[in-house]
file work_37.tsv (TSV, C-alpha atoms)
chain	number	residue	atom	x	y	z
A	1	MET	CA	23.49	64.66	-23.50
A	2	THR	CA	24.28	61.18	-24.76
A	3	ILE	CA	24.71	60.58	-28.50
A	4	THR	CA	23.14	57.29	-29.56
A	5	VAL	CA	24.79	55.39	-32.41
A	6	LEU	CA	23.85	52.45	-34.62
A	7	LEU	CA	26.70	50.41	-36.15
A	8	ALA	CA	26.23	48.71	-39.52
A	9	ASP	CA	29.08	46.49	-40.73
A	10	ASP	CA	29.09	42.88	-41.91
A	11	GLN	CA	32.21	42.05	-39.88
A	12	ALA	CA	31.56	41.36	-36.19
A	13	MET	CA	35.15	42.17	-35.27
A	14	ILE	CA	34.89	45.63	-36.88
A	15	ARG	CA	31.63	46.33	-35.07
A	16	HIS	CA	33.19	45.27	-31.80
A	17	GLY	CA	36.19	47.56	-32.38
A	18	LEU	CA	33.99	50.53	-33.26
A	19	ARG	CA	31.85	49.92	-30.19
A	20	LEU	CA	34.92	49.91	-27.92
A	21	ILE	CA	36.19	53.16	-29.43
A	22	LEU	CA	32.86	54.96	-29.22
A	23	GLU	CA	31.71	53.75	-25.82
A	24	ASP	CA	35.03	54.82	-24.33
A	25	GLN	CA	33.60	58.33	-24.69
A	26	PRO	CA	31.31	59.53	-21.88
A	27	ASP	CA	28.84	61.13	-24.30
A	28	ILE	CA	28.41	58.29	-26.83
A	29	THR	CA	26.40	55.06	-26.53
A	30	VAL	CA	25.98	52.31	-29.13
A	31	VAL	CA	22.32	51.25	-29.15
A	32	GLY	CA	22.45	48.59	-31.86
A	33	GLU	CA	24.47	46.61	-34.38
A	34	ALA	CA	23.44	45.49	-37.87
A	35	ALA	CA	25.28	42.93	-40.01
A	36	ASP	CA	23.72	43.82	-43.37
A	37	GLY	CA	22.04	46.69	-45.16
A	38	VAL	CA	18.46	45.53	-44.79
A	39	GLU	CA	18.90	44.99	-41.06
A	40	ALA	CA	20.54	48.41	-40.76
A	41	ILE	CA	17.52	50.18	-42.26
A	42	THR	CA	15.07	48.22	-40.12
A	43	MET	CA	16.99	48.87	-36.89
A	44	ALA	CA	17.60	52.52	-37.68
A	45	ARG	CA	13.92	53.20	-38.29
A	46	ARG	CA	12.98	51.35	-35.12
A	47	LEU	CA	15.66	52.74	-32.78
A	48	ARG	CA	16.01	56.24	-34.31
A	49	PRO	CA	19.65	56.68	-33.21
A	50	ASP	CA	21.24	60.11	-33.38
A	51	VAL	CA	23.91	58.85	-35.78
A	52	CYS	CA	24.23	55.75	-37.99
A	53	LEU	CA	27.73	54.52	-38.84
A	54	VAL	CA	27.44	52.55	-42.08
A	55	ASP	CA	29.99	50.50	-44.01
A	56	ILE	CA	30.00	50.63	-47.82
A	57	ARG	CA	30.23	46.94	-48.67
A	58	MET	CA	27.53	44.90	-46.94
A	59	PRO	CA	25.28	42.05	-48.02
A	60	GLY	CA	21.64	42.71	-48.84
A	61	LEU	CA	21.99	46.43	-49.48
A	62	ASP	CA	25.26	48.34	-49.65
A	63	GLY	CA	26.06	51.42	-47.60
A	64	ILE	CA	25.07	53.85	-50.33
A	65	ALA	CA	21.62	52.30	-50.64
A	66	VAL	CA	21.26	52.39	-46.85
A	67	THR	CA	22.29	56.04	-46.80
A	68	ARG	CA	19.71	56.96	-49.44
A	69	ALA	CA	17.00	55.07	-47.58
A	70	LEU	CA	17.75	56.81	-44.28
A	71	ALA	CA	18.97	60.24	-45.36
A	72	GLY	CA	18.20	60.66	-49.05
A	73	PRO	CA	16.39	63.61	-50.68
A	74	SER	CA	13.06	61.79	-50.68
A	75	VAL	CA	13.18	60.94	-46.96
A	76	THR	CA	10.65	62.95	-44.95
A	77	ASP	CA	12.49	62.73	-41.64
A	78	PRO	CA	16.12	62.10	-42.61
A	79	MET	CA	18.61	60.60	-40.20
A	80	ARG	CA	22.30	61.40	-39.81
A	81	VAL	CA	24.47	58.84	-41.54
A	82	VAL	CA	28.27	58.68	-41.52
A	83	VAL	CA	29.89	56.25	-43.94
A	84	VAL	CA	32.89	54.49	-42.40
A	85	THR	CA	34.82	52.35	-44.85
A	86	THR	CA	38.15	50.97	-45.98
A	87	PHE	CA	37.37	51.93	-49.58
A	88	ASP	CA	37.80	55.56	-50.61
A	89	LEU	CA	36.95	55.18	-54.29
A	90	ASP	CA	35.50	58.34	-55.81
A	91	GLU	CA	32.28	56.57	-56.81
A	92	TYR	CA	31.70	55.58	-53.19
A	93	VAL	CA	32.45	59.04	-51.84
A	94	TYR	CA	30.14	60.80	-54.28
A	95	GLY	CA	27.46	58.14	-53.96
A	96	ALA	CA	27.45	58.49	-50.17
A	97	LEU	CA	27.48	62.29	-50.11
A	98	ARG	CA	24.85	62.65	-52.82
A	99	GLY	CA	22.80	60.08	-50.93
A	100	GLY	CA	22.66	62.40	-47.93
A	101	ALA	CA	25.57	61.19	-45.78
A	102	ALA	CA	26.74	63.60	-43.08
A	103	GLY	CA	30.31	62.38	-43.38
A	104	PHE	CA	32.73	59.97	-45.00
A	105	VAL	CA	35.50	58.57	-42.82
A	106	LEU	CA	38.14	55.98	-43.63
A	107	LYS	CA	38.60	53.19	-41.10
A	108	ASP	CA	42.34	53.79	-40.95
A	109	ALA	CA	41.87	57.48	-40.13
A	110	GLY	CA	42.09	56.70	-36.41
A	111	PRO	CA	39.73	56.78	-33.40
A	112	ALA	CA	39.92	60.56	-32.91
A	113	LEU	CA	38.53	61.34	-36.37
A	114	LEU	CA	35.81	58.72	-36.01
A	115	ILE	CA	34.66	60.24	-32.72
A	116	GLU	CA	34.83	63.74	-34.19
A	117	ALA	CA	32.71	62.61	-37.16
A	118	VAL	CA	30.01	61.24	-34.86
A	119	ARG	CA	29.89	64.44	-32.84
A	120	ALA	CA	29.91	66.59	-35.96
A	121	ALA	CA	27.00	64.65	-37.47
A	122	HIS	CA	25.07	64.93	-34.23
A	123	ASN	CA	25.61	68.71	-34.28
A	124	GLY	CA	24.36	68.97	-37.84
A	125	GLU	CA	27.84	69.38	-39.28
A	126	ALA	CA	29.79	67.21	-41.70
A	127	LEU	CA	33.24	65.68	-41.65
A	128	VAL	CA	35.05	64.04	-44.56
A	129	SER	CA	38.48	62.46	-44.12
A	130	PRO	CA	41.06	65.10	-45.15
A	131	SER	CA	42.82	62.73	-47.56
A	132	VAL	CA	39.53	62.11	-49.36
A	133	THR	CA	38.72	65.82	-49.56
A	134	LEU	CA	42.13	66.70	-51.00
A	135	ARG	CA	41.95	63.95	-53.62
A	136	LEU	CA	38.50	65.03	-54.72
A	137	LEU	CA	39.59	68.64	-55.08
A	138	ASN	CA	42.66	67.64	-57.06
A	139	HIS	CA	40.58	65.36	-59.28
A	140	LEU	CA	37.95	68.00	-60.05
A	141	ASN	CA	40.53	70.70	-60.69
A	142	ALA	CA	42.57	68.40	-62.96
A	143	THR	CA	39.66	67.09	-65.01
A	144	GLY	CA	37.66	70.28	-65.17
A	145	ALA	CA	34.58	68.22	-64.51
A	146	ALA	CA	31.43	70.02	-65.53
A	147	PRO	CA	28.82	70.66	-62.85
A	148	ARG	CA	25.87	68.31	-62.86
A	149	GLY	CA	22.30	68.43	-61.61
A	150	ARG	CA	21.52	71.38	-59.38
A	151	ALA	CA	25.14	72.55	-59.61
A	152	ALA	CA	24.53	73.56	-63.22
A	153	GLN	CA	22.82	76.74	-61.98
A	154	THR	CA	25.17	78.95	-60.00
A	155	PRO	CA	23.29	81.19	-57.54
A	156	GLN	CA	24.50	84.63	-56.58
A	157	LEU	CA	26.42	84.31	-53.32
A	158	SER	CA	28.10	87.16	-51.52
A	159	GLY	CA	31.85	87.18	-51.04
A	160	ARG	CA	31.46	86.28	-47.38
A	161	ALA	CA	29.03	83.48	-48.19
A	162	LEU	CA	31.52	82.03	-50.67
A	163	GLU	CA	34.20	82.12	-47.98
A	164	VAL	CA	31.90	80.11	-45.75
A	165	VAL	CA	31.20	77.67	-48.60
A	166	ARG	CA	34.93	77.15	-49.20
A	167	ALA	CA	35.54	76.56	-45.50
A	168	ILE	CA	32.74	73.99	-45.34
A	169	ALA	CA	34.15	72.19	-48.38
A	170	ARG	CA	37.51	71.95	-46.60
A	171	GLY	CA	35.82	70.24	-43.67
A	172	ARG	CA	35.84	73.13	-41.21
A	173	THR	CA	33.39	73.14	-38.31
A	174	ASN	CA	31.24	76.15	-37.48
A	175	GLN	CA	33.61	77.10	-34.66
A	176	GLU	CA	36.62	76.90	-36.96
A	177	ILE	CA	34.88	78.99	-39.62
A	178	ALA	CA	34.02	81.65	-37.06
A	179	ALA	CA	37.64	81.81	-35.90
A	180	GLU	CA	39.08	81.89	-39.43
A	181	LEU	CA	36.74	84.60	-40.70
A	182	PHE	CA	36.62	86.59	-37.44
A	183	ILE	CA	32.86	86.41	-37.17
A	184	THR	CA	30.52	85.11	-34.49
A	185	LEU	CA	29.14	81.59	-34.38
A	186	SER	CA	25.61	82.93	-34.83
A	187	THR	CA	26.75	84.77	-37.97
A	188	VAL	CA	28.18	81.53	-39.37
A	189	LYS	CA	24.87	79.77	-38.74
A	190	SER	CA	23.01	82.64	-40.40
A	191	HIS	CA	25.23	82.35	-43.48
A	192	LEU	CA	24.66	78.59	-43.56
A	193	SER	CA	20.90	79.03	-43.54
A	194	GLY	CA	21.05	81.52	-46.38
A	195	ILE	CA	23.46	79.39	-48.42
A	196	GLN	CA	21.27	76.29	-48.08
A	197	THR	CA	18.26	78.27	-49.26
A	198	LYS	CA	20.06	79.73	-52.30
A	199	LEU	CA	21.64	76.42	-53.30
A	200	GLY	CA	18.49	74.42	-52.66
A	201	VAL	CA	20.32	71.95	-50.40
A	202	ARG	CA	19.50	70.51	-46.99
A	203	ASN	CA	22.82	70.33	-45.17
A	204	ARG	CA	26.49	71.29	-45.15
A	205	THR	CA	27.55	68.07	-46.83
A	206	GLU	CA	25.50	68.99	-49.90
A	207	ILE	CA	27.05	72.48	-49.75
A	208	ALA	CA	30.49	70.84	-49.90
A	209	VAL	CA	29.48	68.69	-52.87
A	210	TRP	CA	28.21	71.81	-54.69
A	211	ALA	CA	31.52	73.57	-53.99
A	212	TRP	CA	33.57	70.63	-55.29
A	213	GLU	CA	31.46	70.27	-58.43
A	214	ASN	CA	31.64	73.98	-59.20
A	215	ARG	CA	35.36	74.14	-58.38
A	216	VAL	CA	35.02	77.14	-56.06
A	217	VAL	CA	37.46	75.64	-53.54
A	218	ASP	CA	41.22	76.12	-53.57
A	219	ARG	CA	43.72	73.52	-52.30
A	220	THR	CA	44.68	75.35	-49.10

call {"tool": "encode", "arguments": {"input": "work_37.tsv", "output": "structure tokens"}}
result
Amino acid sequence: MTITVLLADDQAMIRHGLRLILEDQPDITVVGEAADGVEAITMARRLRPDVCLVDIRMPGLDGIAVTRALAGPSVTDPMRVVVVTTFDLDEYVYGALRGGAAGFVLKDAGPALLIEAVRAAHNGEALVSPSVTLRLLNHLNATGAAPRGRAAQTPQLSGRALEVVRAIARGRTNQEIAAELFITLSTVKSHLSGIQTKLGVRNRTEIAVWAWENRVVDRT
């Protein structure tokens, strides 16, 4: 199965570099390139790629606005968006993840992580650059930030479900969670379905945001 990808970045050289990295993989094909946010939304809705790689700073509409338009809570048929950017400011990270992004990857993280993020998004999983995850955890633990929005109501989760939540917030894949907790892959998926229902969220990225906001994740 080939994973189709749309690239959205205002710098042609960056788009070219991303295309070379991704199309070097036998299972990934770039089906389009957009130079601004408006064009990205138009092309994404027309081409319906499996994954959209979106930069934060673009003319017209920025990456967060694009993410909300393609994957936000009000979108009937949301797409999978991974934000790829040089800027790892907290406001960008939270804006992207709350907007429905299936990942947040820094451009200097290297080709391997970029490719992994595309495949994770395609599989319905989420990947956030480890350095970003660690900084967010440290920030929330240091400030004692109060939960906001839906996080203000803490549902009753079993001990095993909380272990799955913590693993997701640390960026683990389903396979890694299964190995760490000594459970089957189907059991992990069953836990995920139950967790999403109890938290009222749509995907594992929103589970991770809930975990960070409620400070249920340790630094390990």

call {"tool": "closest_residue", "arguments": {"input": "work_37.tsv", "among": "A:Ile168, A:Ile56, A:Ile115, A:Ala8", "to": "Leu89 in chain A", "atoms": "all atoms listed in the file"}}
result
A:Ile56

call {"tool": "closest_residue", "arguments": {"input": "work_37.tsv", "among": "A:Asp62, A:Glu206, A:Glu23, A:Asp36", "to": "Asp9 in chain A", "atoms": "all atoms listed in the file"}}
result
A:Asp36

call {"tool": "closest_residue", "arguments": {"input": "work_37.tsv", "among": "A:Thr67, A:Thr4, A:Gln25, A:Ser129", "to": "Gly37 in chain A", "atoms": "all atoms listed in the file"}}
result
A:Thr67

call {"tool": "atom_distance", "arguments": {"input": "work_37.tsv", "atom1": "CA of Asp55 in chain A", "atom2": "CA of Asp108 in chain A"}}
result
13.1 Å

call {"tool": "closest_residue", "arguments": {"input": "work_37.tsv", "among": "A:Ile64, A:Ile41, A:Leu53, A:Leu127", "to": "Ala169 in chain A", "atoms": "only C-alpha atoms"}}
result
A:Leu127

call {"tool": "atom_distance", "arguments": {"input": "work_37.tsv", "atom1": "CA of Thr197 in chain A", "atom2": "CA of Pro73 in chain A"}}
result
14.8 Å

call {"tool": "residues_near_point", "arguments": {"input": "work_37.tsv", "point": "(23.0, 47.7, -32.5)", "cutoff": "10 Å", "atoms": "only C-alpha atoms", "output": "ChimeraX atom specification"}}
result
/A:5-8,15,19,30-35,39-40,43-44,47,49,52
